[in-house]
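S.K.: What follows is input-v3.csv, made up of CSV, C-alpha atoms and all ligand atoms:
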chain,number,residue,atom,x,y,z
A,1,MET,CA,0.7,-15.6,9.3
A,2,SER,CA,-3.0,-15.2,8.4
A,3,ASN,CA,-3.8,-15.5,4.8
A,4,ARG,CA,-7.5,-15.0,5.2
A,5,SER,CA,-8.9,-12.4,3.0
A,6,PRO,CA,-9.8,-9.2,4.9
A,7,LYS,CA,-13.5,-8.2,4.5
A,8,SER,CA,-12.7,-4.5,3.8
A,9,VAL,CA,-9.7,-2.3,3.6
A,10,LEU,CA,-9.3,1.4,3.1
A,11,VAL,CA,-6.6,2.7,0.7
A,12,THR,CA,-5.9,6.5,0.9
A,13,GLY,CA,-4.3,8.0,-2.2
A,14,CYS,CA,-5.8,5.2,-4.4
A,15,ALA,CA,-5.5,7.3,-7.5
A,16,GLY,CA,-1.8,8.0,-7.1
A,17,PHE,CA,1.2,6.1,-8.3
A,18,ILE,CA,1.8,3.6,-5.5
A,19,GLY,CA,-1.8,3.5,-4.2
A,20,SER,CA,-3.2,2.5,-7.7
A,21,ASN,CA,-0.5,-0.2,-8.1
A,22,PHE,CA,-1.4,-1.4,-4.6
A,23,VAL,CA,-5.1,-1.7,-5.3
A,24,SER,CA,-4.6,-3.7,-8.5
A,25,GLN,CA,-2.3,-6.2,-7.0
A,26,PHE,CA,-4.3,-6.4,-3.8
A,27,LYS,CA,-7.4,-7.1,-5.8
A,28,LYS,CA,-5.6,-10.0,-7.6
A,29,GLU,CA,-4.5,-11.5,-4.3
A,30,PHE,CA,-7.8,-10.9,-2.4
A,31,PRO,CA,-10.5,-10.7,-5.0
A,32,LYS,CA,-13.2,-11.0,-2.4
A,33,ALA,CA,-12.1,-8.2,-0.2
A,34,GLU,CA,-13.9,-4.9,-0.5
A,35,VAL,CA,-11.4,-2.1,-1.4
A,36,VAL,CA,-12.5,1.4,-0.4
A,37,GLY,CA,-10.5,4.2,-1.8
A,38,ILE,CA,-10.2,7.9,-1.0
A,39,ASP,CA,-8.3,10.5,-3.1
A,40,ASP,CA,-8.9,14.2,-3.8
A,41,LEU,CA,-7.2,13.8,-7.2
A,42,SER,CA,-4.7,16.7,-6.3
A,43,THR,CA,-1.9,14.7,-8.0
A,44,GLY,CA,-3.7,11.4,-8.7
A,45,LYS,CA,-5.7,10.5,-11.8
A,46,LEU,CA,-9.2,9.4,-11.9
A,47,GLY,CA,-8.3,6.9,-14.7
A,48,ALA,CA,-5.9,5.2,-12.2
A,49,VAL,CA,-8.7,4.3,-9.8
A,50,HIS,CA,-9.4,0.6,-9.9
A,51,PRO,CA,-12.8,-0.1,-11.4
A,52,ALA,CA,-13.6,-2.5,-8.6
A,53,ALA,CA,-12.8,0.0,-5.8
A,54,LYS,CA,-15.5,1.8,-4.0
A,55,PHE,CA,-14.1,5.3,-4.7
A,56,TYR,CA,-14.7,8.4,-2.6
A,57,GLN,CA,-13.4,11.6,-4.2
A,58,GLY,CA,-12.5,13.9,-1.4
A,59,SER,CA,-9.9,14.9,1.1
A,60,ILE,CA,-8.5,13.0,4.1
A,61,LEU,CA,-9.0,16.4,5.9
A,62,ASP,CA,-12.7,16.2,5.4
A,63,GLU,CA,-13.9,14.9,8.9
A,64,ASN,CA,-17.4,14.2,7.8
A,65,LEU,CA,-16.3,12.2,4.8
A,66,LEU,CA,-13.9,10.1,6.9
A,67,GLU,CA,-16.6,9.5,9.4
A,68,ARG,CA,-19.0,8.4,6.7
A,69,ILE,CA,-16.5,6.0,5.1
A,70,PHE,CA,-15.4,4.4,8.4
A,71,LYS,CA,-18.9,4.0,9.7
A,72,LYS,CA,-20.2,2.5,6.5
A,73,HIS,CA,-17.3,0.2,5.5
A,74,LYS,CA,-15.6,-0.5,8.8
A,75,PRO,CA,-12.2,-1.2,7.2
A,76,GLN,CA,-10.1,-3.8,9.0
A,77,TYR,CA,-6.9,-2.4,7.6
A,78,VAL,CA,-5.9,1.1,6.5
A,79,PHE,CA,-3.1,1.6,3.9
A,80,HIS,CA,-2.3,5.3,4.1
A,81,PHE,CA,-0.6,6.5,0.8
A,82,ALA,CA,-2.3,9.9,0.4
A,83,ALA,CA,0.1,12.8,0.8
A,84,LEU,CA,1.3,15.9,-0.9
A,85,PRO,CA,4.6,14.4,-1.8
A,86,ARG,CA,6.5,17.2,-3.6
A,87,VAL,CA,9.6,18.4,-1.7
A,88,SER,CA,9.8,21.7,-3.5
A,89,TYR,CA,6.1,22.3,-3.0
A,90,SER,CA,6.5,21.7,0.7
A,91,VAL,CA,9.3,24.3,0.8
A,92,GLU,CA,6.9,26.8,-0.7
A,93,HIS,CA,3.8,25.7,1.2
A,94,PRO,CA,4.8,24.4,4.6
A,95,ARG,CA,1.5,25.0,6.2
A,96,GLU,CA,-0.7,23.4,3.5
A,97,THR,CA,1.5,20.4,3.2
A,98,THR,CA,1.7,20.0,7.0
A,99,GLU,CA,-2.1,19.9,7.1
A,100,VAL,CA,-2.4,17.1,4.6
A,101,ASN,CA,0.7,15.2,5.5
A,102,ILE,CA,0.5,15.4,9.3
A,103,VAL,CA,-3.0,16.4,10.3
A,104,GLY,CA,-4.5,14.1,7.6
A,105,THR,CA,-2.5,11.2,9.0
A,106,VAL,CA,-3.6,12.0,12.5
A,107,ALA,CA,-7.3,12.3,11.3
A,108,LEU,CA,-7.0,8.8,9.8
A,109,LEU,CA,-5.3,7.4,13.0
A,110,GLU,CA,-8.2,8.8,15.1
A,111,LYS,CA,-10.9,7.2,12.9
A,112,SER,CA,-8.9,3.9,12.9
A,113,LYS,CA,-8.8,4.0,16.6
A,114,LYS,CA,-12.5,4.8,16.9
A,115,TYR,CA,-13.6,2.1,14.5
A,116,GLY,CA,-11.3,-0.6,15.8
A,117,VAL,CA,-9.0,-1.0,12.7
A,118,LYS,CA,-6.8,-4.1,13.1
A,119,ARG,CA,-3.7,-2.5,11.6
A,120,PHE,CA,-2.7,0.9,10.2
A,121,VAL,CA,0.0,0.7,7.6
A,122,TYR,CA,1.8,4.1,7.0
A,123,SER,CA,3.8,5.1,4.0
A,124,SER,CA,6.8,6.8,5.3
A,125,SER,CA,9.9,8.0,3.5
A,126,SER,CA,13.6,7.5,3.4
A,127,SER,CA,13.8,11.3,3.3
A,128,ALA,CA,13.5,11.0,7.1
A,129,TYR,CA,17.2,10.1,7.1
A,130,GLY,CA,18.1,13.4,5.5
A,131,GLY,CA,20.8,11.9,3.3
A,132,ALA,CA,23.2,9.1,3.3
A,133,LYS,CA,25.1,8.5,6.4
A,134,LYS,CA,26.2,5.0,6.9
A,135,LEU,CA,25.7,2.9,3.7
A,136,PRO,CA,23.8,0.7,3.5
A,137,THR,CA,21.5,2.6,5.8
A,138,LYS,CA,20.1,0.7,8.7
A,139,GLU,CA,17.2,2.0,10.8
A,140,SER,CA,19.0,1.5,14.1
A,141,GLU,CA,22.2,3.3,13.1
A,142,ASN,CA,20.8,6.4,11.5
A,143,ALA,CA,18.7,8.8,13.5
A,144,PRO,CA,16.2,10.8,11.5
A,145,ASP,CA,17.4,14.2,10.3
A,146,PRO,CA,14.8,15.5,7.9
A,147,LYS,CA,15.9,18.4,5.7
A,148,SER,CA,12.6,19.7,4.2
A,149,PRO,CA,9.1,20.4,5.4
A,150,TYR,CA,8.0,17.3,3.5
A,151,ALA,CA,10.6,15.1,5.2
A,152,VAL,CA,9.7,16.5,8.6
A,153,GLN,CA,6.0,15.8,7.9
A,154,LYS,CA,6.5,12.3,6.6
A,155,TYR,CA,8.7,11.5,9.6
A,156,ALA,CA,6.2,13.0,12.0
A,157,GLY,CA,3.7,10.4,11.0
A,158,GLU,CA,5.9,7.7,12.5
A,159,PRO,CA,5.9,8.9,16.1
A,160,PHE,CA,2.2,9.6,15.7
A,161,CYS,CA,1.6,6.0,14.8
A,162,LYS,CA,3.7,4.9,17.8
A,163,ILE,CA,1.8,7.2,20.1
A,164,PHE,CA,-1.5,5.8,18.9
A,165,SER,CA,-0.2,2.3,19.5
A,166,GLU,CA,1.0,3.2,23.0
A,167,LEU,CA,-1.9,5.3,24.1
A,168,TYR,CA,-4.8,3.5,22.5
A,169,GLY,CA,-3.5,0.1,21.5
A,170,LEU,CA,-4.0,0.7,17.8
A,171,ASP,CA,-1.6,-1.6,15.8
A,172,THR,CA,0.5,0.6,13.5
A,173,VAL,CA,3.5,0.0,11.3
A,174,SER,CA,5.6,2.5,9.2
A,175,LEU,CA,7.3,1.6,5.9
A,176,ARG,CA,10.1,3.9,4.8
A,177,TYR,CA,10.2,3.8,1.0
A,178,PHE,CA,13.3,4.5,-1.0
A,179,ASN,CA,13.1,5.9,-4.6
A,180,VAL,CA,10.1,4.1,-5.9
A,181,PHE,CA,9.6,3.7,-9.7
A,182,GLY,CA,7.4,1.7,-12.1
A,183,PRO,CA,4.4,1.8,-14.3
A,184,GLY,CA,1.9,4.5,-13.4
A,185,GLN,CA,4.7,7.0,-12.5
A,186,TYR,CA,4.6,9.9,-14.8
A,187,GLY,CA,7.7,11.9,-15.6
A,188,ASP,CA,6.2,15.0,-14.1
A,189,ALA,CA,5.2,13.1,-10.9
A,190,PRO,CA,5.9,14.7,-7.6
A,191,TYR,CA,8.6,12.1,-6.8
A,192,SER,CA,9.7,11.3,-10.3
A,193,THR,CA,13.0,9.6,-10.3
A,194,VAL,CA,15.4,9.9,-13.2
A,195,VAL,CA,13.8,6.8,-14.6
A,196,SER,CA,10.4,8.4,-15.2
A,197,ALA,CA,11.7,11.8,-15.9
A,198,TRP,CA,14.0,10.5,-18.7
A,199,LEU,CA,11.4,8.0,-20.1
A,200,GLU,CA,8.8,10.8,-20.3
A,201,LYS,CA,11.2,12.9,-22.4
A,202,LEU,CA,12.1,9.9,-24.5
A,203,TYR,CA,8.6,8.9,-25.3
A,204,PHE,CA,6.8,12.2,-25.1
A,205,PRO,CA,9.3,14.9,-26.0
A,206,ASP,CA,8.3,18.4,-25.2
A,207,GLY,CA,11.1,20.3,-26.8
A,208,LYS,CA,13.1,20.5,-23.6
A,209,MET,CA,16.1,18.2,-23.3
A,210,PRO,CA,16.4,15.8,-20.4
A,211,PHE,CA,19.5,16.4,-18.3
A,212,ILE,CA,22.1,14.6,-16.2
A,213,GLU,CA,23.5,16.3,-13.1
A,214,GLY,CA,27.2,15.8,-12.4
A,215,ASP,CA,29.2,12.8,-13.6
A,216,GLY,CA,26.3,10.3,-13.3
A,217,LYS,CA,28.3,8.2,-10.8
A,218,GLN,CA,25.7,9.1,-8.1
A,219,SER,CA,23.6,6.2,-7.2
A,220,ARG,CA,20.2,5.4,-5.8
A,221,ASP,CA,18.4,2.5,-4.2
A,222,PHE,CA,15.6,2.4,-6.9
A,223,CYS,CA,12.8,0.2,-5.7
A,224,TYR,CA,10.3,-1.2,-8.1
A,225,VAL,CA,6.7,-0.4,-7.1
A,226,ASP,CA,5.7,-4.1,-6.9
A,227,ASN,CA,8.2,-4.6,-4.1
A,228,VAL,CA,6.6,-1.7,-2.1
A,229,VAL,CA,3.2,-3.2,-2.7
A,230,GLN,CA,4.5,-6.5,-1.5
A,231,ALA,CA,5.9,-4.9,1.7
A,232,ASN,CA,2.4,-3.4,2.4
A,233,ILE,CA,0.7,-6.8,2.0
A,234,LEU,CA,3.3,-8.6,4.1
A,235,ALA,CA,2.8,-5.9,6.8
A,236,MET,CA,-0.9,-6.6,6.7
A,237,LYS,CA,-0.5,-10.4,6.9
A,238,SER,CA,2.1,-10.4,9.6
A,239,ASN,CA,0.8,-12.0,12.8
A,240,LYS,CA,3.2,-9.9,15.0
A,241,ASN,CA,1.8,-7.1,17.0
A,242,PHE,CA,3.2,-3.8,15.8
A,243,ARG,CA,3.6,-0.8,18.1
A,244,GLY,CA,4.8,1.8,15.6
A,245,GLU,CA,7.7,-0.3,14.3
A,246,PHE,CA,9.3,1.2,11.2
A,247,PHE,CA,11.1,-0.6,8.3
A,248,ASN,CA,13.2,0.4,5.3
A,249,VAL,CA,11.6,-0.7,2.1
A,250,GLY,CA,14.0,-0.5,-0.8
A,251,ASN,CA,15.7,-2.8,-3.3
A,252,GLY,CA,18.7,-3.3,-1.1
A,253,GLU,CA,21.0,-2.4,-4.0
A,254,ARG,CA,22.0,0.8,-5.6
A,255,THR,CA,22.3,1.7,-9.3
A,256,THR,CA,24.2,4.6,-10.7
A,257,VAL,CA,22.5,7.2,-12.9
A,258,ASN,CA,24.9,6.2,-15.7
A,259,GLU,CA,23.7,2.6,-15.5
A,260,VAL,CA,20.0,3.8,-15.6
A,261,LYS,CA,20.8,5.6,-18.9
A,262,ARG,CA,22.5,2.5,-20.3
A,263,LEU,CA,19.6,0.2,-19.4
A,264,ILE,CA,16.9,2.6,-20.7
A,265,GLU,CA,18.8,2.7,-24.1
A,266,LYS,CA,19.0,-1.1,-24.0
A,267,TYR,CA,15.3,-1.7,-23.4
A,268,ALA,CA,13.9,1.3,-25.4
A,269,GLY,CA,16.2,0.5,-28.3
A,270,ARG,CA,17.1,4.2,-28.8
A,271,LYS,CA,19.7,6.7,-27.7
A,272,LEU,CA,18.9,9.0,-24.8
A,273,ALA,CA,20.5,12.4,-25.4
A,274,LEU,CA,21.2,14.2,-22.1
A,275,GLU,CA,22.3,17.7,-21.4
A,276,LYS,CA,25.1,17.9,-18.9
A,277,MET,CA,24.4,20.0,-15.8
A,278,PRO,CA,26.5,20.7,-12.8
A,279,PRO,CA,25.9,18.5,-9.7
A,280,ARG,CA,22.9,19.5,-7.7
A,281,LEU,CA,23.8,21.5,-4.6
A,282,GLY,CA,23.3,19.6,-1.4
A,283,ASP,CA,22.4,16.4,-3.3
A,284,VAL,CA,23.4,13.2,-1.6
A,285,LYS,CA,25.8,11.1,-3.6
A,286,HIS,CA,24.3,7.7,-2.8
A,287,THR,CA,21.2,6.1,-1.2
A,288,HIS,CA,21.2,2.4,-0.2
A,289,ALA,CA,18.7,0.8,2.1
A,290,ASP,CA,19.7,-2.0,4.5
A,291,ILE,CA,16.5,-4.1,4.3
A,292,SER,CA,17.5,-6.8,6.8
A,293,LYS,CA,15.0,-5.6,9.4
A,294,ALA,CA,12.1,-5.8,7.0
A,295,LYS,CA,13.4,-9.2,5.8
A,296,LYS,CA,13.5,-10.5,9.3
A,297,TRP,CA,10.2,-9.1,10.6
A,298,LEU,CA,8.0,-9.1,7.6
A,299,GLY,CA,9.7,-11.7,5.3
A,300,TYR,CA,10.2,-8.9,2.8
A,301,SER,CA,12.5,-9.7,-0.1
A,302,PRO,CA,12.3,-7.7,-3.3
A,303,LYS,CA,11.0,-9.9,-6.1
A,304,ILE,CA,11.7,-7.6,-9.0
A,305,ASN,CA,15.2,-6.3,-9.3
A,306,PHE,CA,16.1,-3.0,-10.9
A,307,GLU,CA,16.8,-4.2,-14.4
A,308,GLU,CA,13.6,-6.2,-14.6
A,309,GLY,CA,11.6,-3.3,-13.1
A,310,LEU,CA,13.1,-1.0,-15.6
A,311,LYS,CA,12.2,-3.3,-18.5
A,312,ARG,CA,8.6,-3.4,-17.3
A,313,THR,CA,8.5,0.4,-16.9
A,314,VAL,CA,9.8,0.9,-20.4
A,315,GLU,CA,7.0,-1.4,-21.7
A,316,TRP,CA,4.4,0.7,-19.9
A,317,TYR,CA,5.8,3.9,-21.4
A,318,GLU,CA,5.6,2.2,-24.9
A,319,GLY,CA,1.9,1.5,-24.5
A,320,ARG,CA,1.0,4.6,-22.7
A,321,GLY,CA,-0.9,7.6,-24.2
A,322,VAL,CA,0.3,11.2,-24.0
A,323,ASP,CA,-1.9,11.7,-20.9
A,324,ARG,CA,-0.1,13.7,-18.3
B,1,LIG,N1,7.2,7.5,-4.8
B,1,LIG,C1,8.2,7.5,-3.9
B,1,LIG,O1,9.4,7.3,-4.3
B,1,LIG,C2,8.0,7.6,-2.5
B,1,LIG,C3,9.1,7.5,-1.6
B,1,LIG,C4,8.8,7.6,-0.2
B,1,LIG,C5,7.5,7.8,0.3
B,1,LIG,N2,6.5,7.9,-0.6
B,1,LIG,C6,5.2,8.1,0.0
B,1,LIG,O2,4.3,7.1,-0.7
B,1,LIG,C7,3.0,7.7,-0.7
B,1,LIG,C8,2.5,7.6,-2.2
B,1,LIG,O3,3.4,8.3,-3.0
B,1,LIG,P1,3.2,8.4,-4.6
B,1,LIG,O4,4.5,8.4,-5.2
B,1,LIG,O5,2.2,7.3,-5.0
B,1,LIG,O6,2.6,9.8,-4.8
B,1,LIG,P2,1.3,10.3,-5.6
B,1,LIG,O7,1.3,11.8,-5.6
B,1,LIG,O8,1.3,9.6,-6.9
B,1,LIG,O9,0.1,9.8,-4.7
B,1,LIG,C9,-0.5,10.5,-3.6
B,1,LIG,C10,-2.0,10.5,-3.8
B,1,LIG,O10,-2.5,11.2,-2.6
B,1,LIG,C11,-3.6,12.0,-3.1
B,1,LIG,N3,-3.8,13.1,-2.1
B,1,LIG,C12,-3.1,14.2,-1.9
B,1,LIG,N4,-3.6,14.9,-1.0
B,1,LIG,C13,-4.8,14.3,-0.6
B,1,LIG,C14,-5.8,14.6,0.3
B,1,LIG,N5,-5.8,15.7,1.1
B,1,LIG,N6,-6.9,13.8,0.5
B,1,LIG,C15,-6.9,12.7,-0.3
B,1,LIG,N7,-6.0,12.3,-1.2
B,1,LIG,C16,-4.9,13.1,-1.3
B,1,LIG,C17,-3.1,12.5,-4.5
B,1,LIG,O11,-4.2,13.0,-5.3
B,1,LIG,C18,-2.4,11.3,-5.0
B,1,LIG,O12,-3.3,10.5,-5.8
B,1,LIG,C19,3.1,9.1,-0.2
B,1,LIG,O13,2.7,9.1,1.1
B,1,LIG,C20,4.5,9.4,-0.3
B,1,LIG,O14,4.9,10.4,0.7
B,1,LIG,C21,6.7,7.8,-2.0
As a first step, turn the structure in this file into structure tokens.

M.R.:
Amino acid sequence: MSNRSPKSVLVTGCAGFIGSNFVSQFKKEFPKAEVVGIDDLSTGKLGAVHPAAKFYQGSILDENLLERIFKKHKPQYVFHFAALPRVSYSVEHPRETTEVNIVGTVALLEKSKKYGVKRFVYSSSSSAYGGAKKLPTKESENAPDPKSPYAVQKYAGEPFCKIFSELYGLDTVSLRYFNVFGPGQYGDAPYSTVVSAWLEKLYFPDGKMPFIEGDGKQSRDFCYVDNVVQANILAMKSNKNFRGEFFNVGNGERTTVNEVKRLIEKYAGRKLALEKMPPRLGDVKHTHADISKAKKWLGYSPKINFEEGLKRTVEWYEGRGVDR
């Protein structure tokens, strides 16, 4: 495993939830590395861009901008977080989201190939599975079965990564994230989990009551954002050769929605009143990642468990302004 600091890395979606957390931790671990970021601020926030990052405001679909960035900075590693990640938005706008989520990814792969990037790390999604089949869900036992344009688009990035490895020898790896939460995730975020949706209402009430669907016994593999950041850094450091390999990145445990409520009340020190709603149609009852492949190949092991992650997220909400 090489621990040498890379000279320069490119982070797409650096103003978003996971991308901004990635940059701040990456900078701590590799203070000398140049971090170049690109984000069009469609869902990201300018204030979330790390002050030490060389920031380009623009779209990954802008061919000239990508050319300029790659030519100037010659990033050794690309961490691709940028996406339009709202499932419902993708249902309403399948073409636009396909452009960003698929064509944008291919555009970055092309530049990575042209400029000899050492490794391309792709943010994929557990939505590729299309719902819980075998639990815990193993990569090898569950064929992709995406159920929305967004899920198809995120999944499509994976075979594109593999093809770029096979055809052009570009080293690529895909990480399938499960329900990420943590500081920097706003309650109205495209992917907001019950954690951020409920905390938003608790700390910044807008007159609408937060709700719980069904009996609350449904459970999710909630993964604290630092673990996802860690998986990206481990993927970069690995001295294996990747040819489009894909890995589950989750917590490896699941937590019921009722338990989320109990722990929020414990750490926030106040009651969370929830309106009862019927179970969501077509919702999967449980998600649970089998993370043994990422453990074996990348040495991935979640450092922050759900309860600790929740405590930190509550602290972030306590100190946060009303900014949305
Ligand atoms: N949060 C989760 O639970 C989760 C789960 C699975 C996969 N993912 C994936 O992780 C990645 C990051 O997700 P997130 O939760 O941080 O979402 P986010 O919306 O907070 O971040 C995405 C960022 O990409 C930027 N962006 C969108 N279109 C762009 C474009 N055309 N050009 C440049 N920048 C653009 C947005 O402005 C935003 O800052 C995404 O690829 C998402 O699909 C997230």

S.K.: Skip stretch 20-32 of chain A itself and residues of its chain fewer than 4 positions away, then list as a PyMOL selection string all residues within 6 Å of it, counting all atoms listed in the file.

M.R.: chain A and resi 5+14-16+48+229

S.K.: Within 7 Å of ligand LIG 1 (chain B), counting all atoms listed in the file, which protein or nucleic acid residues do you find, written as a JSON list (two decimals) with C-alpha atoms, keeping the file's coordinate frame?

M.R.:
[["chain", "number", "residue", "atom", "x", "y", "z"],
["A", 12, "THR", "CA", -5.90, 6.50, 0.90],
["A", 13, "GLY", "CA", -4.30, 8.00, -2.20],
["A", 14, "CYS", "CA", -5.80, 5.20, -4.40],
["A", 15, "ALA", "CA", -5.50, 7.30, -7.50],
["A", 16, "GLY", "CA", -1.80, 8.00, -7.10],
["A", 17, "PHE", "CA", 1.20, 6.10, -8.30],
["A", 18, "ILE", "CA", 1.80, 3.60, -5.50],
["A", 19, "GLY", "CA", -1.80, 3.50, -4.20],
["A", 38, "ILE", "CA", -10.20, 7.90, -1.00],
["A", 39, "ASP", "CA", -8.30, 10.50, -3.10],
["A", 40, "ASP", "CA", -8.90, 14.20, -3.80],
["A", 41, "LEU", "CA", -7.20, 13.80, -7.20],
["A", 42, "SER", "CA", -4.70, 16.70, -6.30],
["A", 43, "THR", "CA", -1.90, 14.70, -8.00],
["A", 44, "GLY", "CA", -3.70, 11.40, -8.70],
["A", 45, "LYS", "CA", -5.70, 10.50, -11.80],
["A", 58, "GLY", "CA", -12.50, 13.90, -1.40],
["A", 59, "SER", "CA", -9.90, 14.90, 1.10],
["A", 60, "ILE", "CA", -8.50, 13.00, 4.10],
["A", 61, "LEU", "CA", -9.00, 16.40, 5.90],
["A", 80, "HIS", "CA", -2.30, 5.30, 4.10],
["A", 81, "PHE", "CA", -0.60, 6.50, 0.80],
["A", 82, "ALA", "CA", -2.30, 9.90, 0.40],
["A", 83, "ALA", "CA", 0.10, 12.80, 0.80],
["A", 84, "LEU", "CA", 1.30, 15.90, -0.90],
["A", 85, "PRO", "CA", 4.60, 14.40, -1.80],
["A", 100, "VAL", "CA", -2.40, 17.10, 4.60],
["A", 104, "GLY", "CA", -4.50, 14.10, 7.60],
["A", 123, "SER", "CA", 3.80, 5.10, 4.00],
["A", 124, "SER", "CA", 6.80, 6.80, 5.30],
["A", 125, "SER", "CA", 9.90, 8.00, 3.50],
["A", 126, "SER", "CA", 13.60, 7.50, 3.40],
["A", 154, "LYS", "CA", 6.50, 12.30, 6.60],
["A", 176, "ARG", "CA", 10.10, 3.90, 4.80],
["A", 177, "TYR", "CA", 10.20, 3.80, 1.00],
["A", 178, "PHE", "CA", 13.30, 4.50, -1.00],
["A", 179, "ASN", "CA", 13.10, 5.90, -4.60],
["A", 180, "VAL", "CA", 10.10, 4.10, -5.90],
["A", 181, "PHE", "CA", 9.60, 3.70, -9.70],
["A", 189, "ALA", "CA", 5.20, 13.10, -10.90],
["A", 190, "PRO", "CA", 5.90, 14.70, -7.60],
["A", 191, "TYR", "CA", 8.60, 12.10, -6.80]]

S.K.: With only C-alpha atoms as the basis for distance, which of A:Gly309, A:Pro136, A:Pro51, A:Gly214 is at the shortest distance from A:Asp226?

M.R.: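 Selected residue with least distance to A:Asp226: A:Gly309.
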
S.K.: Using all atoms listed in the file, can you tell me which of A:Pro279, A:Pro210, A:Pro205, A:Gly250 comes closest to A:Val322?

M.R.: A:Pro205

S.K.: Please report the interatomic distance between atom CA of A:Trp316 and atom CA of A:Val195 in Å with one decimal.

M.R.: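 So the two atoms, atom CA of A:Trp316 and atom CA of A:Val195, lie 12.4 Å apart.
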
S.K.: One decimal, Å: what's the distance from atom CA of A:Ser90 over to atom CA of A:Val106, could you say?

M.R.: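 Calculated distance between atom CA of A:Ser90 and atom CA of A:Val106 is 18.3 Å.
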
S.K.: Which of these residues is nearest to A:Leu135, using all atoms listed in the file: A:Glu265, A:Asp188, A:Asp221, A:Glu315?

M.R.: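 With all atoms listed in the file as the atom set, the closest residue is A:Asp221.
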
S.K.: Which one is closest to A:Pro146: A:Ser112, A:Ser127, A:Pro159, A:Lys134? Count all atoms listed in the file.

M.R.: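 Using all atoms listed in the file, A:Pro146 sits closest to A:Ser127.
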
S.K.: So what do you get for atom CA of A:Tyr56 versus atom CA of A:Val78, distance-wise?

M.R.: 14.6 Å
